[in-house]
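Peer 1: Can you keep this structure in mind? I'll have questions shortly.
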Amino acid sequence: MDRRTLLTTLAATAAAGVAPWARAQDYPTQIIKWVVPYPAGGGTDVIARTLSEAMRQTLGQQIVIDNRPGASTNIGAEIVAKSKPDGYTILSADNAVLAFNEHLFNKLPFSPEKDFTYIGAIGKFPLALVVHPDFPAQDFKAFLAYVKANPGKVNYASPGNGSPHHLAMELFKNRTGTFITHIPYRGAAPAMADVMGGQVPCMFLDLASGLSIMQGKKVRVLAIGSGARSKLLPDVPTLAEVGVPNSEVFAFQGILGPAGMPPAVVNRLNADLNKAFTTPAVQKRFTDFGMEAMPGSPQQFFALSRAESQRWGPIIKAANIKLD
């Protein structure tokens, strides 16, 4: 090998070695695609659009929302898992991708633990046990006594099989030894409508979808699945307060990227996400949704997601819930 060839080879090798770091330092230099595995207009989509606008201001690049619904979020998640890990394709991930689907499906096209880079948690909102206003039980104690006295005769609604709302009630049944029959709907709106109308007497409902009807007394809120009482519903006791321990139930979201993203890019996105939580537009949207922001590190987000997966796996198995 002559001297010129040797120098060219060494230069190319050196460039290959430092290029990822250099690109990370310059990031971002092009449009970022943010995949939302739900249709446009839903709560996850609205949160992503609100955050993306705040993050655009600090990142200095446009962020485009790409809605890819289907297969209980698996379609959108697979797209991101198989994307180039350069920080230009990210995902809104919720309980489904992060904790549920690996137990609900016999086979997934990705591993939630190994095929993603965890960037940061977005937030969480608790689920509350609600009943139709004319339901004979006026409080949680009476509700529990009623369903125990009528095993299998009380129905509950959910936005669909494998949803946080479905699994919240299965956890409730597991903890209380009750039998309530599941009636799955295609989305939160029709499920809420039938509970308000009295066609189905009860459900677990998230604050993001149902806060207005809770505050408007269109349903009666018996208990909330949070660690402490909600400031938005201060008179509603927690499940722990009414005697159901270890029953915190909440929906949560965060941002993932493909596995192998440069640490500097991950840290930049995490920092801009945490900064976005302090903006008035994001704070207002979170308040409107009853959502609690969860600023923190990628490592904290990963730990939470894995802990939730381990918590829900036995509940899903005991209820024999499968989506394939």
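Starting from 1 in every chain, residues are counted up; chains themselves are A, B, ... following the order of the structure tokens, and ligands are numbered from 1 as listed.
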Tell me, as a PDB file with C-alpha atoms, in the first residue's frame, which residues lie within 6 Å of Gly120 (chain A), counting only C-alpha atoms; anything in the same chain fewer than 5 positions away does not count.
Peer 2:
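Heads up, here's the output in selection-v5.pdb:
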```pdb
ATOM      1  CA  GLY A 254     -43.273   8.718  26.608  1.00  0.00           C
ATOM      2  CA  ILE A 255     -41.002   9.084  23.611  1.00  0.00           C
ATOM      3  CA  ASN A 270     -34.661  14.592  26.585  1.00  0.00           C
ATOM      4  CA  PRO A 298     -34.186   8.273  29.843  1.00  0.00           C
ATOM      5  CA  PHE A 301     -38.422   6.257  31.854  1.00  0.00           C
TER       6      PHE A 301
END
```
Peer 1: Residues near region 147-156 of chain A, anyone? I mean within 9 Å using only C-alpha atoms, not counting same-chain ones fewer than 6 positions away, as number ranges by chain.
Peer 2: A: 166, 169, 176-184, 195, 200-204
Peer 1: Can you list, as an MDAnalysis selection string, every residue of region 81-271 of chain A that DSSP puts in strand (DSSP E or B)?
Peer 2: chainID A and resid 89:94 116:131 155:158 181:184 202:206 220:224 238 250:258
